[in-house]
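S.K.: My structure is in run01.cif, and what it holds is mmCIF, C-alpha atoms:
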```cif
data_protein
#
loop_
_atom_site.label_atom_id
_atom_site.label_comp_id
_atom_site.auth_asym_id
_atom_site.auth_seq_id
_atom_site.Cartn_x
_atom_site.Cartn_y
_atom_site.Cartn_z
CA MET A 1187 20.70 -17.35 -2.54
CA ALA A 1188 23.27 -17.04 -5.33
CA GLU A 1189 24.46 -13.64 -6.46
CA GLY A 1190 22.75 -14.13 -9.82
CA ASP A 1191 19.46 -14.78 -8.05
CA HIS A 1192 19.86 -11.59 -5.99
CA LEU A 1193 20.43 -9.60 -9.17
CA ALA A 1194 17.35 -11.15 -10.80
CA VAL A 1195 15.17 -10.26 -7.79
CA LYS A 1196 16.51 -6.67 -7.76
CA PHE A 1197 15.89 -6.38 -11.48
CA ARG A 1198 12.29 -7.62 -11.18
CA THR A 1199 11.68 -5.29 -8.23
CA ALA A 1200 13.01 -2.35 -10.21
CA ILE A 1201 10.76 -3.22 -13.18
CA ILE A 1202 7.69 -3.51 -10.93
CA THR A 1203 8.50 -0.20 -9.22
CA LEU A 1204 9.01 1.54 -12.57
CA THR A 1205 5.77 0.10 -13.97
CA VAL A 1206 3.74 1.19 -10.95
CA GLY A 1207 5.37 4.61 -11.09
CA LEU A 1208 4.57 5.03 -14.79
CA ALA A 1209 0.98 3.88 -14.25
CA ALA A 1210 0.51 6.36 -11.41
CA TYR A 1211 2.06 9.14 -13.49
CA ALA A 1212 -0.22 8.27 -16.43
CA ALA A 1213 -3.29 8.32 -14.19
CA ILE A 1214 -2.32 11.71 -12.76
CA THR A 1215 -1.63 13.06 -16.25
CA VAL A 1216 -4.97 11.86 -17.62
CA ALA A 1217 -6.79 13.32 -14.63
CA ALA A 1218 -5.00 16.63 -15.09
CA GLN A 1219 -5.86 16.67 -18.80
CA LYS A 1220 -9.52 15.94 -18.07
CA LYS A 1221 -9.60 18.71 -15.49
CA ALA A 1222 -7.96 21.16 -17.89
CA ALA A 1223 -10.33 20.17 -20.69
CA SER A 1224 -13.44 20.50 -18.53
CA GLY A 1225 -12.84 24.21 -17.91
CA VAL A 1226 -16.06 26.03 -17.01
CA PHE A 1227 -18.45 23.50 -18.57
CA THR A 1228 -20.15 20.27 -17.59
CA GLN A 1229 -21.85 17.81 -19.94
CA ASP A 1230 -25.57 18.32 -20.45
CA LYS A 1231 -28.39 17.19 -22.74
CA GLY A 1232 -32.07 18.05 -22.77
CA LYS A 1233 -35.25 19.19 -24.45
CA LEU A 1234 -36.91 22.59 -24.07
CA ASN A 1235 -40.56 23.45 -24.69
CA ILE A 1236 -41.07 26.92 -26.15
CA LYS A 1237 -44.26 28.77 -25.25
CA ILE A 1238 -45.76 32.11 -26.18
CA ASP A 1239 -48.48 33.41 -23.87
CA GLY A 1240 -48.79 29.91 -22.43
CA GLN A 1241 -49.25 28.17 -25.77
CA THR A 1242 -46.58 25.72 -26.98
CA VAL A 1243 -45.19 26.87 -30.33
CA GLY A 1244 -42.09 24.70 -30.61
CA HIS A 1245 -39.33 22.79 -28.92
CA GLU A 1246 -35.57 22.60 -28.87
CA GLU A 1247 -33.25 19.65 -28.36
CA PHE A 1248 -29.67 20.35 -27.34
CA GLU A 1249 -26.48 18.88 -25.93
CA ILE A 1250 -23.25 20.26 -24.50
CA VAL A 1251 -20.43 17.74 -24.75
CA PRO A 1252 -16.61 17.57 -24.64
CA SER A 1253 -14.98 17.83 -28.05
CA GLY A 1254 -11.22 17.40 -28.36
CA GLY A 1255 -9.66 19.76 -25.85
CA GLY A 1256 -12.74 21.98 -25.80
CA TRP A 1257 -16.52 21.75 -25.88
CA LEU A 1258 -19.37 21.55 -28.37
CA ALA A 1259 -22.79 23.13 -27.76
CA LYS A 1260 -25.37 22.31 -30.40
CA GLY A 1261 -29.12 22.49 -30.67
CA THR A 1262 -32.07 22.32 -33.04
CA SER A 1263 -35.22 24.39 -32.60
CA GLU A 1264 -38.47 23.72 -34.44
CA PHE A 1265 -41.35 26.22 -34.47
CA LYS A 1266 -44.99 25.82 -35.48
CA PRO A 1267 -46.63 29.14 -34.61
CA PRO A 1268 -50.42 29.52 -34.75
CA GLU A 1269 -49.92 31.97 -37.60
CA GLY A 1270 -47.15 31.86 -40.16
CA ALA A 1271 -44.95 29.16 -41.60
CA ALA A 1272 -43.10 26.52 -39.61
CA SER A 1273 -39.33 26.90 -39.31
CA LYS A 1274 -36.28 25.05 -38.08
CA VAL A 1275 -32.96 26.40 -36.80
CA ASN A 1276 -29.72 24.50 -36.17
CA GLY A 1277 -26.74 25.91 -34.30
CA THR A 1278 -23.34 24.38 -33.55
CA LEU A 1279 -20.90 26.25 -31.34
CA ASN A 1280 -17.30 25.10 -30.81
CA LEU A 1281 -15.75 26.44 -27.62
CA GLN A 1282 -12.43 26.49 -25.85
CA SER A 1283 -12.42 25.09 -22.32
CA ASP A 1284 -12.58 28.64 -20.88
CA GLY A 1285 -15.70 29.42 -22.93
CA ALA A 1286 -14.13 31.48 -25.71
CA PRO A 1287 -15.77 30.62 -29.06
CA ILE A 1288 -13.74 28.91 -31.78
CA SER A 1289 -16.36 28.64 -34.52
CA TYR A 1290 -20.11 28.76 -35.00
CA ASP A 1291 -22.42 27.41 -37.69
CA TRP A 1292 -26.12 28.05 -38.05
CA ASN A 1293 -28.73 27.08 -40.59
CA SER A 1294 -32.31 28.25 -40.84
CA GLN A 1295 -34.93 26.35 -42.81
CA ALA A 1296 -38.03 28.40 -43.49
CA ASP A 1297 -39.20 30.12 -46.68
CA LYS A 1298 -35.55 30.16 -47.70
CA ASN A 1299 -32.56 28.20 -46.45
CA ASN A 1300 -30.05 30.59 -44.94
CA GLY A 1301 -26.89 29.85 -43.00
CA ALA A 1302 -23.52 31.12 -41.91
CA HIS A 1303 -20.10 30.00 -40.71
CA ILE A 1304 -18.15 32.12 -38.23
CA ASP A 1305 -14.53 31.77 -37.19
CA PHE A 1306 -13.33 33.52 -34.04
CA ASP A 1307 -9.70 34.56 -33.74
CA LYS A 1308 -8.23 36.96 -31.17
CA GLY A 1309 -11.43 38.94 -30.74
CA VAL A 1310 -12.34 39.01 -34.44
CA ALA A 1311 -15.45 37.22 -35.74
CA ARG A 1312 -15.08 36.38 -39.45
CA ILE A 1313 -18.55 35.73 -40.82
CA THR A 1314 -19.51 34.07 -44.09
CA LEU A 1315 -23.25 34.40 -44.66
CA VAL A 1316 -25.05 32.26 -47.22
CA VAL A 1317 -28.52 33.30 -48.40
CA GLN A 1318 -30.46 31.20 -50.86
CA GLY A 1319 -30.29 32.72 -54.33
CA ALA A 1320 -27.48 35.16 -53.51
CA ARG A 1321 -23.70 35.16 -53.42
CA PRO A 1322 -22.02 34.53 -50.03
CA PHE A 1323 -21.53 37.69 -47.98
CA GLN A 1324 -18.46 38.16 -45.79
CA GLN A 1325 -18.01 40.50 -42.85
CA ASP A 1326 -15.59 40.90 -39.94
CA LEU A 1327 -16.70 42.09 -36.50
CA THR A 1328 -14.08 43.11 -33.94
CA PHE A 1329 -14.42 42.73 -30.17
CA ASN A 1330 -11.95 43.80 -27.48
CA THR A 1331 -11.73 40.27 -26.06
CA PRO A 1332 -11.73 36.69 -27.36
CA LEU A 1333 -14.41 35.79 -24.76
CA VAL A 1334 -17.49 36.64 -26.84
CA VAL A 1335 -20.94 35.33 -25.89
CA VAL A 1336 -22.94 33.84 -28.78
CA LEU A 1337 -26.71 34.22 -28.27
CA ASP A 1338 -28.52 33.47 -31.49
CA ASN A 1339 -32.18 33.89 -32.35
CA ASN A 1340 -34.43 31.04 -31.18
CA LEU A 1341 -31.59 28.87 -29.83
CA TYR A 1342 -32.18 29.02 -26.11
CA HIS A 1343 -29.65 26.39 -24.99
CA GLN A 1344 -26.99 29.03 -25.55
CA TYR A 1345 -28.16 30.62 -22.29
CA ALA A 1346 -26.93 27.42 -20.62
CA VAL A 1347 -23.49 28.29 -22.01
CA LEU A 1348 -23.88 31.88 -20.77
CA ALA A 1349 -24.63 30.59 -17.26
CA ARG A 1350 -21.22 28.89 -17.27
CA LEU A 1351 -19.44 32.04 -18.43
CA TYR A 1352 -20.85 34.09 -15.56
CA ASP A 1353 -18.34 34.44 -12.70
CA TRP A 1354 -20.26 32.94 -9.78
CA THR A 1355 -17.46 33.54 -7.31
CA LYS A 1356 -17.47 37.26 -8.08
CA ARG A 1357 -21.24 37.59 -8.63
CA GLY A 1358 -22.74 41.07 -9.03
CA PRO A 1359 -23.55 42.64 -12.43
CA GLN A 1360 -21.11 41.61 -15.17
CA SER A 1361 -20.93 43.12 -18.65
CA LEU A 1362 -20.11 40.73 -21.50
CA PRO A 1363 -19.72 41.27 -25.27
CA VAL A 1364 -22.32 39.43 -27.31
CA LEU A 1365 -22.89 38.43 -30.93
CA ILE A 1366 -26.30 37.59 -32.43
CA PRO A 1367 -25.18 35.75 -35.59
CA GLN A 1368 -28.49 35.60 -37.47
CA ASP A 1369 -28.78 39.37 -37.18
CA LEU A 1370 -25.03 40.03 -37.65
CA THR A 1371 -25.39 42.14 -34.53
CA PRO A 1372 -22.59 42.81 -32.00
CA GLY A 1373 -23.34 44.38 -28.65
CA SER A 1374 -23.13 43.82 -24.92
CA ILE A 1375 -25.29 42.37 -22.18
CA THR A 1376 -25.35 42.68 -18.42
CA VAL A 1377 -25.67 39.46 -16.44
CA GLU A 1378 -26.41 39.41 -12.72
CA SER A 1379 -27.27 36.76 -10.18
CA THR A 1380 -30.43 37.76 -8.30
CA GLY A 1381 -30.40 34.81 -5.91
CA PRO A 1382 -33.04 32.12 -5.29
CA THR A 1383 -36.42 32.43 -6.98
CA ALA A 1384 -39.51 30.20 -7.10
CA ALA A 1385 -41.25 28.90 -10.24
CA ASP A 1386 -43.50 25.90 -10.88
CA GLY A 1387 -43.37 25.04 -7.19
CA LYS A 1388 -39.57 24.74 -7.21
CA THR A 1389 -36.68 26.98 -6.15
CA TYR A 1390 -34.04 27.98 -8.68
CA GLU A 1391 -30.98 30.19 -8.94
CA GLU A 1392 -31.80 33.17 -11.16
CA LEU A 1393 -29.65 35.06 -13.62
CA LYS A 1394 -31.05 38.31 -14.98
CA VAL A 1395 -29.82 39.10 -18.48
CA THR A 1396 -30.34 42.69 -19.61
CA THR A 1397 -29.92 44.08 -23.13
CA PRO A 1398 -30.81 47.55 -24.42
CA ASP A 1399 -34.12 46.10 -25.66
CA VAL A 1400 -35.21 43.31 -23.34
CA GLU A 1401 -34.84 41.64 -19.94
CA ILE A 1402 -34.47 37.86 -19.72
CA HIS A 1403 -34.79 35.71 -16.60
CA VAL A 1404 -32.71 32.52 -16.68
CA LEU A 1405 -33.54 29.94 -14.01
CA LEU A 1406 -30.95 27.31 -13.09
CA ASP A 1407 -30.81 24.30 -10.81
CA SER A 1408 -28.23 23.86 -8.05
CA ASN A 1409 -25.69 22.64 -10.63
CA HIS A 1410 -26.32 25.73 -12.80
CA ARG A 1411 -28.11 23.76 -15.50
CA LEU A 1412 -30.68 25.66 -17.56
CA MET A 1413 -34.20 24.76 -16.38
CA ARG A 1414 -36.36 27.68 -17.48
CA LEU A 1415 -36.11 30.98 -19.33
CA ASP A 1416 -38.66 33.80 -19.34
CA VAL A 1417 -38.93 36.93 -21.48
CA PRO A 1418 -41.82 38.77 -19.81
CA ALA A 1419 -42.09 41.56 -22.39
CA ALA A 1420 -42.60 39.02 -25.19
CA LYS A 1421 -44.65 36.59 -23.07
CA VAL A 1422 -42.11 33.89 -23.96
CA SER A 1423 -41.34 30.98 -21.65
CA VAL A 1424 -38.87 28.18 -22.35
CA VAL A 1425 -39.24 25.23 -19.98
CA ARG A 1426 -37.06 22.16 -19.71
CA GLU A 1427 -38.81 18.79 -19.82
#
```
Give the structure from this file in structure tokens form.

M.R.:
Amino acid sequence: MAEGDHLAVKFRTAIITLTVGLAAYAAITVAAQKKAASGVFTQDKGKLNIKIDGQTVGHEEFEIVPSGGGWLAKGTSEFKPPEGAASKVNGTLNLQSDGAPISYDWNSQADKNNGAHIDFDKGVARITLVVQGARPFQQDLTFNTPLVVVLDNNLYHQYAVLARLYDWTKRGPQSLPVLIPQDLTPGSITVESTGPTAADGKTYEELKVTTPDVEIHVLLDSNHRLMRLDVPAAKVSVVRE
């Protein structure tokens, strides 16, 4: 083989090696990015039936999906109680991959259309509240950590987010700061794994969520997906279809 042919073979071999190397590097990089973006969450979508004292009064459709480098948790609840007017609530929560909130929007359609936008930055929640027939109201709430749990009224899929924020490797009771946007209420909750529990003929993993006013039982499957939620004091049950 002539010297020129040897050089051509070496050149082609080098190109092939470089291409394979770059492809492998790209695959590793993409995998690493996906792993970093996934954080504490996994993708989920479902429908929840909302019951009071055994009677269905509404339902909620939700999804938790990747969004950019973080996650998006959004849901819509519709209520038709036996007494009173029907209502509808929408909530959209943007999250970092570690679960810290970035922004939250909610809108309630009932007698009046109310809504709010909240930006979270370094433990500060900047709230702009819009009430039909009134000027926008602004308020800042300060927390001692950027990892604030958002649990809004009548949006039960947010307990699926809470289940991902609980440290399952540590377990035990864990205190977390919480914001109830529709009430403009900051506070704290205690979350604790109480182990396996049975409901509807199935076995679930239970999280007990305790506030100063109420105790909530969150039932999860083996992948920590929200399957059922019970508020015994209010005779409320939320069951996944």

S.K.: So what do you get for CA of Val1317 (chain A) versus CA of Leu1341 (chain A), distance-wise?

M.R.: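 CA of Leu1341 (chain A) lies at a distance of 19.3 Å from CA of Val1317 (chain A).
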
S.K.: Please determine, counting all atoms listed in the file, which residue among A:Gln1241, A:Gln1282, A:Asn1276, A:Thr1383 has the shortest atom-to-atom distance to Gly1255 (chain A).

M.R.: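 Between A:Gln1241, A:Gln1282, A:Asn1276, A:Thr1383, the residue approaching Gly1255 (chain A) most closely is A:Gln1282.
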
S.K.: Evaluate the PyMOL selection byres ((chain A and resi 1237-1239) around 7) against this structure - the residues, as a list in words, please.

M.R.: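 Selected by the PyMOL selection byres ((chain A and resi 1237-1239) around 7) here: Asn1235, Ile1236, Gly1240, Gln1241, Thr1242, Val1243, Lys1421, Val1422, Ser1423 and Val1424 of chain A.
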
S.K.: Gln1324 (chain A): which residues within 9 Å, counting only C-alpha atoms, same-chain residues fewer than 5 positions away excluded, as a ChimeraX atom specification?

M.R.: /A:1312-1316

S.K.: Go through A:Ala1296, A:Leu1365, A:Ala1346, A:Leu1405 and flag the residue nearest Asp1326 (chain A), using all atoms listed in the file for the distances.

M.R.: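 Once distances to Asp1326 (chain A) are computed over all atoms listed in the file, the minimum belongs to A:Leu1365.
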
S.K.: Which residues come within 12 Å of Ala1271 (chain A), counting all atoms listed in the file, excluding same-chain residues fewer than 2 positions away, as a ChimeraX atom specification?

M.R.: /A:1243,1264-1269,1273-1274,1295-1298

S.K.: Suppose you want the space between CA of Asn1409 (chain A) and CA of Gly1225 (chain A); what is it in Å?

M.R.: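 Computed distance, CA of Asn1409 (chain A) to CA of Gly1225 (chain A), equals 14.9 Å.
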